[in-house]
>>> print(open('query.txt').read())   # compact mmCIF, C-alpha atoms
# COMPACT_ATOMS: atom_id res chain seq x y z
CA MET A 1 98.86 70.63 97.22
CA THR A 2 98.73 70.76 93.40
CA THR A 3 96.02 72.99 91.98
CA ALA A 4 94.70 73.48 88.49
CA ALA A 5 96.27 76.33 86.61
CA PRO A 6 94.11 79.42 86.22
CA VAL A 7 92.07 79.61 83.02
CA PRO A 8 92.76 83.17 81.87
CA PRO A 9 89.86 85.17 80.48
CA SER A 10 90.00 86.73 77.05
CA PRO A 11 91.52 90.23 76.91
CA LEU A 12 88.06 91.74 76.47
CA ALA A 13 86.59 89.77 79.40
CA PHE A 14 89.54 90.73 81.57
CA ARG A 15 89.03 94.42 80.74
CA ILE A 16 85.33 94.05 81.56
CA PHE A 17 86.21 92.52 84.93
CA LEU A 18 88.70 95.27 85.80
CA GLY A 19 86.24 97.89 84.59
CA GLY A 20 83.49 96.48 86.78
CA GLN A 21 85.74 96.49 89.82
CA SER A 22 86.82 100.05 89.05
CA VAL A 23 83.17 101.13 88.99
CA SER A 24 82.59 99.27 92.26
CA LEU A 25 85.53 101.11 93.82
CA ILE A 26 84.01 104.42 92.74
CA GLY A 27 80.99 103.32 94.76
CA ASP A 28 83.24 102.87 97.77
CA GLY A 29 84.63 106.35 97.11
CA LEU A 30 81.12 107.79 96.90
CA ALA A 31 80.28 106.23 100.27
CA ILE A 32 83.23 108.03 101.92
CA LEU A 33 81.28 111.30 101.73
CA ALA A 34 77.69 110.21 101.08
CA ILE A 35 77.09 108.54 104.44
CA PRO A 36 78.49 111.37 106.61
CA LEU A 37 76.47 113.87 104.52
CA LEU A 38 73.36 111.78 105.07
CA VAL A 39 73.96 111.83 108.82
CA LEU A 40 74.44 115.60 108.79
CA GLN A 41 71.26 116.02 106.76
CA VAL A 42 69.29 114.02 109.31
CA SER A 43 70.90 115.15 112.57
CA GLY A 44 73.12 118.18 112.00
CA SER A 45 75.54 116.64 114.51
CA PRO A 46 79.25 116.69 113.57
CA TYR A 47 79.89 114.00 116.20
CA ALA A 48 77.42 111.66 114.50
CA ALA A 49 79.03 112.46 111.13
CA VAL A 50 82.42 111.41 112.51
CA LEU A 51 80.90 108.14 113.72
CA ALA A 52 79.46 107.55 110.24
CA ALA A 53 82.92 107.93 108.72
CA ILE A 54 84.52 105.03 110.60
CA PRO A 55 82.42 101.90 109.85
CA ARG A 56 84.91 100.63 107.24
CA THR A 57 87.86 100.41 109.63
CA VAL A 58 85.81 99.17 112.55
CA GLY A 59 83.98 96.73 110.30
CA TYR A 60 87.27 95.20 109.18
CA LEU A 61 88.40 94.78 112.78
CA LEU A 62 85.09 93.12 113.67
CA VAL A 63 84.58 90.75 110.74
CA GLY A 64 87.95 90.59 108.99
CA LEU A 65 89.12 87.35 110.60
CA PRO A 66 85.89 85.35 110.19
CA ALA A 67 85.56 86.73 106.65
CA GLY A 68 88.92 85.22 105.74
CA ALA A 69 88.01 81.84 107.15
CA LEU A 70 84.58 81.77 105.51
CA VAL A 71 85.86 82.84 102.10
CA ASP A 72 88.29 79.91 102.19
CA ARG A 73 85.31 77.59 102.79
CA LEU A 74 82.98 79.17 100.24
CA ASN A 75 83.12 79.85 96.52
CA PRO A 76 84.71 83.33 96.21
CA ARG A 77 82.64 84.16 93.14
CA ASN A 78 79.42 83.49 95.05
CA VAL A 79 80.68 85.58 97.98
CA MET A 80 81.42 88.52 95.66
CA LEU A 81 77.98 88.30 94.06
CA ALA A 82 76.23 88.12 97.43
CA MET A 83 78.16 91.07 98.86
CA ASP A 84 77.49 93.21 95.79
CA ALA A 85 73.79 92.42 96.23
CA VAL A 86 73.95 93.39 99.92
CA ARG A 87 75.67 96.70 99.21
CA PHE A 88 73.25 97.47 96.38
CA GLY A 89 70.36 96.83 98.76
CA VAL A 90 71.84 99.01 101.49
CA PHE A 91 72.24 102.09 99.28
CA VAL A 92 68.84 101.66 97.63
CA THR A 93 67.39 101.49 101.14
CA PHE A 94 69.26 104.66 102.06
CA ALA A 95 67.79 106.45 99.05
CA LEU A 96 64.23 105.24 99.68
CA LEU A 97 64.28 106.09 103.37
CA ALA A 98 65.80 109.50 102.64
CA ALA A 99 63.09 110.21 100.06
CA THR A 100 60.36 109.36 102.59
CA SER A 101 62.07 111.16 105.51
CA GLN A 102 62.19 107.92 107.49
CA LEU A 103 65.92 107.91 108.19
CA HIS A 104 67.34 108.18 111.70
CA VAL A 105 70.97 108.23 112.78
CA PRO A 106 70.95 104.74 114.41
CA VAL A 107 69.46 103.28 111.21
CA ILE A 108 72.10 105.00 109.07
CA LEU A 109 74.93 103.74 111.26
CA ALA A 110 73.54 100.20 111.33
CA LEU A 111 73.22 100.09 107.54
CA ALA A 112 76.67 101.65 107.15
CA PHE A 113 78.19 98.86 109.22
CA VAL A 114 76.34 96.26 107.13
CA ALA A 115 77.76 97.80 103.96
CA ALA A 116 81.24 97.97 105.48
CA GLY A 117 81.11 94.33 106.57
CA ALA A 118 79.96 93.30 103.09
CA GLY A 119 82.90 95.26 101.66
CA VAL A 120 85.29 93.32 103.86
CA PHE A 121 83.93 89.98 102.61
CA PHE A 122 84.05 91.24 99.02
CA GLU A 123 87.67 92.42 99.23
CA THR A 124 88.78 89.13 100.77
CA ALA A 125 86.99 87.11 98.11
CA LEU A 126 88.45 89.36 95.40
CA THR A 127 91.97 88.56 96.62
CA VAL A 128 91.30 84.85 96.20
CA ALA A 129 89.49 85.32 92.88
CA VAL A 130 92.44 87.26 91.42
CA ARG A 131 94.75 84.45 92.54
CA ASP A 132 92.51 81.97 90.73
CA LEU A 133 91.95 84.08 87.64
CA VAL A 134 95.38 85.50 86.85
CA GLU A 135 98.65 83.82 85.95
CA GLU A 136 101.43 84.40 88.48
CA GLU A 137 103.39 86.75 86.24
CA ARG A 138 100.34 89.05 85.94
CA LEU A 139 99.49 89.27 89.65
CA VAL A 140 101.42 92.48 90.32
CA ARG A 141 100.02 94.20 87.24
CA THR A 142 96.45 93.21 88.07
CA ASN A 143 96.80 94.32 91.69
CA SER A 144 98.39 97.56 90.52
CA LEU A 145 95.47 98.32 88.20
CA LEU A 146 92.95 97.57 90.95
CA GLU A 147 94.83 99.74 93.45
CA ALA A 148 95.12 102.59 90.93
CA ALA A 149 91.35 102.41 90.50
CA ASN A 150 90.94 102.38 94.29
CA GLN A 151 93.12 105.46 94.74
CA GLY A 152 91.43 107.25 91.88
CA ALA A 153 88.01 106.43 93.32
CA GLN A 154 88.94 108.05 96.62
CA ILE A 155 89.61 111.25 94.69
CA ILE A 156 86.68 111.05 92.25
CA GLY A 157 84.03 109.61 94.59
CA PRO A 158 83.68 112.45 97.12
CA GLY A 159 83.76 115.06 94.36
CA LEU A 160 81.09 113.18 92.41
CA VAL A 161 78.86 113.08 95.50
CA GLY A 162 79.18 116.84 95.83
CA VAL A 163 78.25 117.43 92.18
CA LEU A 164 75.30 115.00 92.20
CA SER A 165 74.00 116.33 95.52
CA ALA A 166 74.20 119.93 94.31
CA LEU A 167 72.42 119.20 91.02
CA TRP A 168 69.80 116.59 91.94
CA GLY A 169 69.99 115.94 95.68
CA LEU A 170 71.65 113.38 97.93
CA GLN A 171 69.08 110.70 97.09
CA VAL A 172 70.29 110.63 93.48
CA ALA A 173 73.89 110.32 94.68
CA LEU A 174 72.88 107.33 96.81
CA LEU A 175 71.13 105.66 93.84
CA VAL A 176 74.22 106.20 91.69
CA ASN A 177 76.25 104.63 94.49
CA ALA A 178 73.93 101.61 94.47
CA SER A 179 74.23 101.29 90.69
CA THR A 180 78.01 100.87 90.91
CA PHE A 181 77.53 97.64 92.84
CA ALA A 182 75.00 96.45 90.27
CA VAL A 183 77.67 96.96 87.59
CA SER A 184 80.18 95.00 89.65
CA PHE A 185 77.62 92.19 90.14
CA ALA A 186 77.04 91.93 86.39
CA THR A 187 80.73 91.80 85.51
CA VAL A 188 81.56 89.23 88.19
CA LEU A 189 78.64 87.07 87.06
CA HIS A 190 79.77 87.26 83.43
CA VAL A 191 83.56 87.09 83.64
CA LEU A 192 84.11 84.60 86.47
CA ARG A 193 81.72 82.02 85.05
CA GLY A 194 83.80 78.98 84.13
CA ARG A 195 87.14 80.62 84.96
CA GLY A 196 89.71 78.66 86.96
CA ARG A 197 89.16 77.38 90.47
CA THR A 198 86.93 80.31 91.42
CA SER A 199 84.06 78.92 89.36
CA ARG A 200 84.68 75.28 90.25
CA THR A 201 85.22 75.61 94.01
CA PRO A 202 82.18 74.15 95.76
CA SER A 203 80.82 76.09 98.71
CA ALA A 204 80.58 74.28 102.01
CA PRO A 205 77.13 74.52 103.64
CA LEU A 206 77.06 77.81 105.55
CA PRO A 207 76.25 76.23 108.95
CA ALA A 208 79.21 73.86 108.56
CA ALA A 209 81.45 76.73 107.48
CA LEU A 210 80.43 78.76 110.53
CA ARG A 211 81.10 75.87 112.88
CA GLY A 212 84.60 75.48 111.50
CA VAL A 213 85.63 79.15 111.74
CA ALA A 214 87.68 78.84 114.93
CA ARG A 215 89.56 75.80 113.66
CA ASP A 216 90.16 77.45 110.29
CA LEU A 217 91.49 80.61 111.91
CA ALA A 218 93.93 78.58 114.00
CA GLU A 219 95.13 76.84 110.85
CA GLY A 220 95.58 80.23 109.17
CA PHE A 221 97.70 81.49 112.08
CA ARG A 222 99.88 78.39 111.87
CA CYS A 223 100.35 78.92 108.15
CA LEU A 224 101.29 82.57 108.71
CA ARG A 225 103.89 81.59 111.30
CA SER A 226 105.37 78.94 109.01
CA LEU A 227 105.91 81.32 106.06
CA ARG A 228 108.75 83.45 107.34
CA VAL A 229 108.71 86.12 104.64
CA VAL A 230 104.94 86.56 104.88
CA LEU A 231 105.16 86.76 108.69
CA VAL A 232 107.95 89.35 108.59
CA VAL A 233 106.05 91.43 106.02
CA THR A 234 102.92 91.28 108.20
CA CYS A 235 104.88 92.48 111.23
CA LEU A 236 106.42 95.24 109.10
CA GLN A 237 102.98 96.36 107.95
CA ALA A 238 101.70 96.51 111.52
CA SER A 239 104.71 98.47 112.77
CA ALA A 240 104.58 100.84 109.79
CA ASN A 241 100.88 101.52 110.42
CA LEU A 242 101.62 102.11 114.10
CA PHE A 243 104.15 104.84 113.36
CA LEU A 244 102.63 106.24 110.17
CA ALA A 245 99.28 106.77 111.94
CA VAL A 246 100.92 109.95 113.21
CA GLY A 247 100.08 111.21 109.73
CA TYR A 248 96.49 111.68 110.93
CA LEU A 249 97.88 114.81 112.59
CA LEU A 250 98.92 116.28 109.24
CA VAL A 251 95.89 118.57 108.89
CA PHE A 252 96.34 119.78 112.48
CA TYR A 253 100.05 120.34 111.81
CA LEU A 254 99.40 122.30 108.64
CA ARG A 255 96.60 124.42 110.00
CA ASP A 256 97.44 125.01 113.67
CA THR A 257 101.23 124.71 113.78
CA LEU A 258 102.24 126.14 110.40
CA HIS A 259 99.09 128.32 110.05
CA PHE A 260 98.37 127.33 106.44
CA GLY A 261 95.09 128.42 104.89
CA ALA A 262 92.32 126.05 103.86
CA SER A 263 93.40 125.99 100.21
CA ALA A 264 97.00 125.11 101.10
CA VAL A 265 95.85 122.35 103.45
CA SER A 266 93.57 120.93 100.75
CA THR A 267 96.40 120.99 98.23
CA VAL A 268 98.73 119.01 100.47
CA VAL A 269 96.02 116.46 101.29
CA ALA A 270 95.04 116.11 97.61
CA ALA A 271 98.68 115.41 96.77
CA GLY A 272 98.36 112.26 98.86
CA GLY A 273 95.58 111.00 96.58
CA ALA A 274 97.67 111.69 93.49
CA GLY A 275 100.59 109.92 95.17
CA GLY A 276 98.44 106.83 95.63
CA VAL A 277 97.84 106.60 91.89
CA LEU A 278 101.57 107.15 91.29
CA GLY A 279 102.40 104.33 93.70
CA ALA A 280 100.19 101.92 91.77
CA VAL A 281 101.99 102.91 88.56
CA VAL A 282 105.39 102.34 90.21
CA ALA A 283 104.30 98.88 91.37
CA PHE A 284 103.02 98.12 87.87
CA ARG A 285 106.35 99.11 86.30
CA LEU A 286 108.77 97.64 88.82
CA GLY A 287 106.89 94.65 90.26
CA GLY A 288 108.05 92.36 87.47
CA ARG A 289 111.66 93.56 87.49
CA VAL A 290 112.72 94.03 91.11
CA ARG A 291 112.65 91.38 93.83
CA HIS A 292 109.50 91.91 95.87
CA GLU A 293 111.25 92.00 99.24
CA VAL A 294 113.52 94.77 97.96
CA LEU A 295 110.58 96.86 96.74
CA ILE A 296 108.72 96.39 100.03
CA THR A 297 111.79 97.40 102.05
CA LEU A 298 112.54 100.46 99.92
CA SER A 299 108.90 101.57 100.04
CA ALA A 300 108.67 101.15 103.82
CA ALA A 301 111.96 102.99 104.36
CA CYS A 302 110.77 105.82 102.11
CA MET A 303 107.58 106.14 104.16
CA GLY A 304 109.56 106.53 107.37
CA ILE A 305 111.97 109.04 105.84
CA THR A 306 109.17 111.19 104.40
CA LEU A 307 107.28 111.12 107.71
CA ALA A 308 110.34 112.38 109.57
CA ALA A 309 110.95 114.99 106.88
CA GLN A 310 107.39 116.28 107.25
CA GLY A 311 108.20 117.17 110.83
CA LEU A 312 111.13 119.26 109.62
CA ALA A 313 109.48 120.94 106.62
CA THR A 314 107.78 124.30 107.06
CA SER A 315 106.76 125.43 103.56
CA LEU A 316 104.02 124.33 101.17
CA VAL A 317 105.93 122.81 98.25
CA PRO A 318 108.18 120.45 100.29
CA LEU A 319 105.19 119.27 102.34
CA LEU A 320 103.15 118.69 99.20
CA LEU A 321 105.93 116.63 97.61
CA LEU A 322 106.55 114.71 100.81
CA ASN A 323 102.90 113.76 101.19
CA LEU A 324 102.78 112.68 97.55
CA LEU A 325 105.91 110.56 98.01
CA MET A 326 104.63 108.99 101.23
CA SER A 327 101.33 107.96 99.65
CA ALA A 328 103.10 106.62 96.57
CA SER A 329 105.43 104.52 98.73
CA ALA A 330 102.55 103.19 100.83
CA VAL A 331 100.51 102.08 97.82
CA THR A 332 103.55 100.51 96.13
CA ALA A 333 104.15 98.48 99.29
CA VAL A 334 100.48 97.46 99.55
CA VAL A 335 100.36 96.19 95.95
CA ILE A 336 103.61 94.22 96.20
CA ILE A 337 102.72 92.74 99.60
CA ARG A 338 99.33 91.61 98.32
CA SER A 339 100.95 89.98 95.29
CA LEU A 340 103.61 88.31 97.44
CA ARG A 341 100.94 86.77 99.67
CA GLN A 342 98.96 85.56 96.66
CA ARG A 343 102.06 83.77 95.38
CA ALA A 344 103.40 82.42 98.69
CA VAL A 345 100.30 81.31 100.60
CA PRO A 346 98.58 78.04 99.63
CA ARG A 347 95.39 78.86 97.81
CA GLU A 348 93.14 77.06 100.29
CA LEU A 349 94.49 79.27 103.12
CA LEU A 350 94.78 82.56 101.23
CA GLY A 351 91.57 84.14 102.50
CA ARG A 352 92.26 83.69 106.19
CA VAL A 353 95.99 84.52 105.98
CA SER A 354 95.25 87.70 104.01
CA ALA A 355 92.51 88.71 106.44
CA THR A 356 94.74 88.04 109.46
CA ALA A 357 97.50 90.19 107.99
CA ARG A 358 95.12 93.04 107.17
CA VAL A 359 93.46 93.01 110.58
CA SER A 360 96.86 93.07 112.28
CA ALA A 361 97.91 96.06 110.19
CA LEU A 362 94.63 97.95 110.67
CA ALA A 363 94.56 97.35 114.42
CA ALA A 364 97.86 99.19 114.79
CA SER A 365 96.56 102.41 113.18
CA PRO A 366 94.18 103.61 115.92
CA VAL A 367 96.80 102.80 118.55
CA GLY A 368 99.37 104.89 116.71
CA ALA A 369 96.91 107.73 116.11
CA LEU A 370 95.93 107.89 119.78
CA ALA A 371 99.57 107.75 120.88
CA GLY A 372 100.51 110.50 118.41
CA GLY A 373 97.68 112.71 119.64
CA ALA A 374 98.61 112.15 123.30
CA LEU A 375 102.30 112.88 122.71
CA THR A 376 101.44 116.03 120.76
CA THR A 377 99.25 117.20 123.64
CA LEU A 378 102.07 116.55 126.12
CA ASN A 379 104.37 118.58 123.85
CA HIS A 380 102.07 121.61 124.14
CA GLY A 381 100.37 120.98 120.79
CA ASN A 382 103.55 120.76 118.72
CA PRO A 383 103.51 117.58 116.57
CA ARG A 384 106.84 118.18 114.82
CA PRO A 385 109.00 116.04 117.17
CA VAL A 386 106.34 113.33 117.05
CA PHE A 387 106.59 113.18 113.25
CA VAL A 388 110.39 112.99 113.39
CA VAL A 389 110.59 110.31 116.09
CA ALA A 390 107.85 108.18 114.50
CA GLY A 391 109.60 108.39 111.11
CA VAL A 392 112.95 107.36 112.57
CA LEU A 393 111.39 104.42 114.44
CA SER A 394 109.65 103.34 111.23
CA VAL A 395 112.96 103.31 109.36
CA LEU A 396 114.59 101.29 112.16
CA THR A 397 111.84 98.64 112.13
CA THR A 398 112.17 98.44 108.34
CA ALA A 399 115.90 97.83 108.70
CA ALA A 400 115.18 95.09 111.25
CA ALA A 401 112.65 93.44 108.91
CA TRP A 402 115.20 93.46 106.09
CA THR A 403 117.91 92.00 108.31
CA PHE A 404 115.84 89.26 109.90
CA GLY A 405 113.62 88.10 107.05
CA LEU A 406 113.41 90.03 103.82
CA ARG A 407 117.07 90.01 102.82
CA THR A 408 117.03 86.25 102.25
CA GLY A 409 113.47 86.07 100.92
CA ALA A 410 112.83 83.76 98.00
CA HIS A 411 110.44 85.77 95.85
CA ARG A 412 111.95 86.88 92.57
CA PRO A 413 109.90 88.71 89.95
CA PRO A 414 107.90 86.23 87.85
CA GLY A 415 109.74 85.06 84.76
CA THR A 416 113.22 85.76 86.20
CA GLU A 417 113.88 82.37 87.80
CA ARG A 418 116.82 80.40 86.54
CA ARG A 419 116.16 76.70 86.10
CA SER A 420 118.32 73.75 86.95
CA THR A 421 119.47 71.82 83.91
CA ALA A 422 118.55 68.50 85.46
CA SER A 423 114.91 68.90 86.40
CA GLY A 424 113.79 72.33 85.30
CA THR A 425 112.92 73.26 88.90
CA PRO A 426 112.84 77.04 89.48
CA LEU A 427 115.70 78.09 91.76
CA THR A 428 116.20 81.25 93.77
CA ASP A 429 119.44 83.15 94.22
CA ASN A 430 120.50 80.90 97.09
CA SER A 431 119.80 77.78 94.99
CA GLU A 432 117.01 76.50 97.22
CA PRO A 433 113.81 75.21 95.64
CA ARG A 434 111.20 77.95 95.51
CA GLU A 435 107.99 77.24 97.39
CA ALA A 436 105.02 76.70 95.11
CA PRO A 437 102.11 79.12 95.61
>>> encode(input="query.txt", output="structure tokens")
Amino acid sequence: MTTAAPVPPSPLAFRIFLGGQSVSLIGDGLAILAIPLLVLQVSGSPYAAVLAAIPRTVGYLLVGLPAGALVDRLNPRNVMLAMDAVRFGVFVTFALLAATSQLHVPVILALAFVAAGAGVFFETALTVAVRDLVEEERLVRTNSLLEAANQGAQIIGPGLVGVLSALWGLQVALLVNASTFAVSFATVLHVLRGRGRTSRTPSAPLPAALRGVARDLAEGFRCLRSLRVVLVVTCLQASANLFLAVGYLLVFYLRDTLHFGASAVSTVVAAGGAGGVLGAVVAFRLGGRVRHEVLITLSAACMGITLAAQGLATSLVPLLLLNLLMSASAVTAVVIIRSLRQRAVPRELLGRVSATARVSALAASPVGALAGGALTTLNHGNPRPVFVVAGVLSVLTTAAAWTFGLRTGAHRPPGTERRSTASGTPLTDNSEPREAP
């Protein structure tokens, strides 16, 4: 299907858009700590605080697939605006109820799941909007900048909540959180007006869109199966998450096995956040120069190697560097995979294919975490062999993905295609016509 080329925004408008999304991501980072703190303030129960920390993952598993199908039926700009409004309303409600002492744990959890579900719809719509807004050769750079902001927000957000709560109280932190979504709303409303297909895509009536969800999801699955590289990458993501979920044991390993103090544990964990920013920079620098399948394979292999090495390391500096390198590799892979999907998947199917891939990857994480915990328990509380075995298995699945799908992939960095002299058609290394996005 031939689609209109994106209408790029002016440099200033593009910076405004990225700035608005960066502010919105800081709001997500604020929520990481604000909601569990709110639960503790109301109940004092650590168990309830743990429950409040998981709505994002569970929300994606619950609404990720229908979100993808609905975003493909609706105008992504309108979806982003609506979800920003929902999240703004949720955090204003939090602040008002907290100020009047009307909050209860079930209410907090219910609102947290609403905010998480809105975040899922927003992220899916953002993937489509970036595809509409940005020329192909700028996809990796745009995704890298957004992911760098995301990683930075996960470092800045919790710290900002602590500062605001200490100075003015948790209610102020919640209002600041709400304001970040108002900023995002304003920038989306301004920048995406009249830009590319995002502004011109008519929304189907919501009842009709809901009735067609099952059929749309089936079509998305068929598309995923038909795009071999995208399918192999999705399977690689799921298997990597399965094995790398052992990393949830890192704090236990550092504290209970190696007997590190709290400051040392915090330093190693913080290195992971810095590694995430580094990974976005690596993707930004290399995404336009190195074939995407090669970058994905190298990043996935590096994650497996560093995971295995963590099980062998016993001192602070190597563990700090390994955690930094693992996070950097993971974020590099995420950025390149997202860009590859945006280029390879037909635009009208991008929402549901992206959501299907993400749900598949996320669903593997709790399975891997539970398995890692059970195996560590069976090994008398020693997670070191679990780290090593999981890392080795991750490397082996990466090698299989390279052998059976990524080695012959057709996605060269934008701008590096060689053209046939007869028709000007972009050709890949194996001289087969490249599939249009």
>>> atom_distance(input="query.txt", atom1="atom CA of Ala369 of chain A", atom2="atom CA of Val246 of chain A")
5.4 Å
>>> closest_residue(input="query.txt", among="A:Leu160, A:Ala313, A:Leu33, A:Val367", to="Thr257 of chain A", atoms="all atoms listed in the file")
A:Ala313
>>> atom_distance(input="query.txt", atom1="atom CA of Arg358 of chain A", atom2="atom CA of Leu325 of chain A")
22.5 Å
>>> residues_around(input="query.txt", residues="Ala118 of chain A", least_positions_apart="2", cutoff="7 Å", atoms="only C-alpha atoms", output="list of chain:residue names")
A:Met83, A:Val86, A:Arg87, A:Val114, A:Ala115, A:Ala116, A:Val120, A:Phe121, A:Phe122
>>> write_last_selection(input="query.txt", atoms="C-alpha atoms", output="CSV table (one decimal), in the frame of the given file")
chain,number,residue,atom,x,y,z
A,83,MET,CA,78.2,91.1,98.9
A,86,VAL,CA,74.0,93.4,99.9
A,87,ARG,CA,75.7,96.7,99.2
A,114,VAL,CA,76.3,96.3,107.1
A,115,ALA,CA,77.8,97.8,104.0
A,116,ALA,CA,81.2,98.0,105.5
A,120,VAL,CA,85.3,93.3,103.9
A,121,PHE,CA,83.9,90.0,102.6
A,122,PHE,CA,84.0,91.2,99.0
>>> residues_around(input="query.txt", residues="segment 91-103 of chain A", least_positions_apart="2", cutoff="6 Å", atoms="all atoms listed in the file", output="NGL selection string")
:A and (88-89 or 171 or 174-175 or 178)
>>> atom_distance(input="query.txt", atom1="atom CA of Leu312 of chain A", atom2="atom CA of Gln151 of chain A")
27.1 Å
>>> axis_aligned_box(input="query.txt", around="segment 278-285 of chain A", padding_each_side="8 Å", output="AutoDock Vina command-line options")
--center_x 103.3 --center_y 102.6 --center_z 90.0 --size_x 22.2 --size_y 25.0 --size_z 23.4
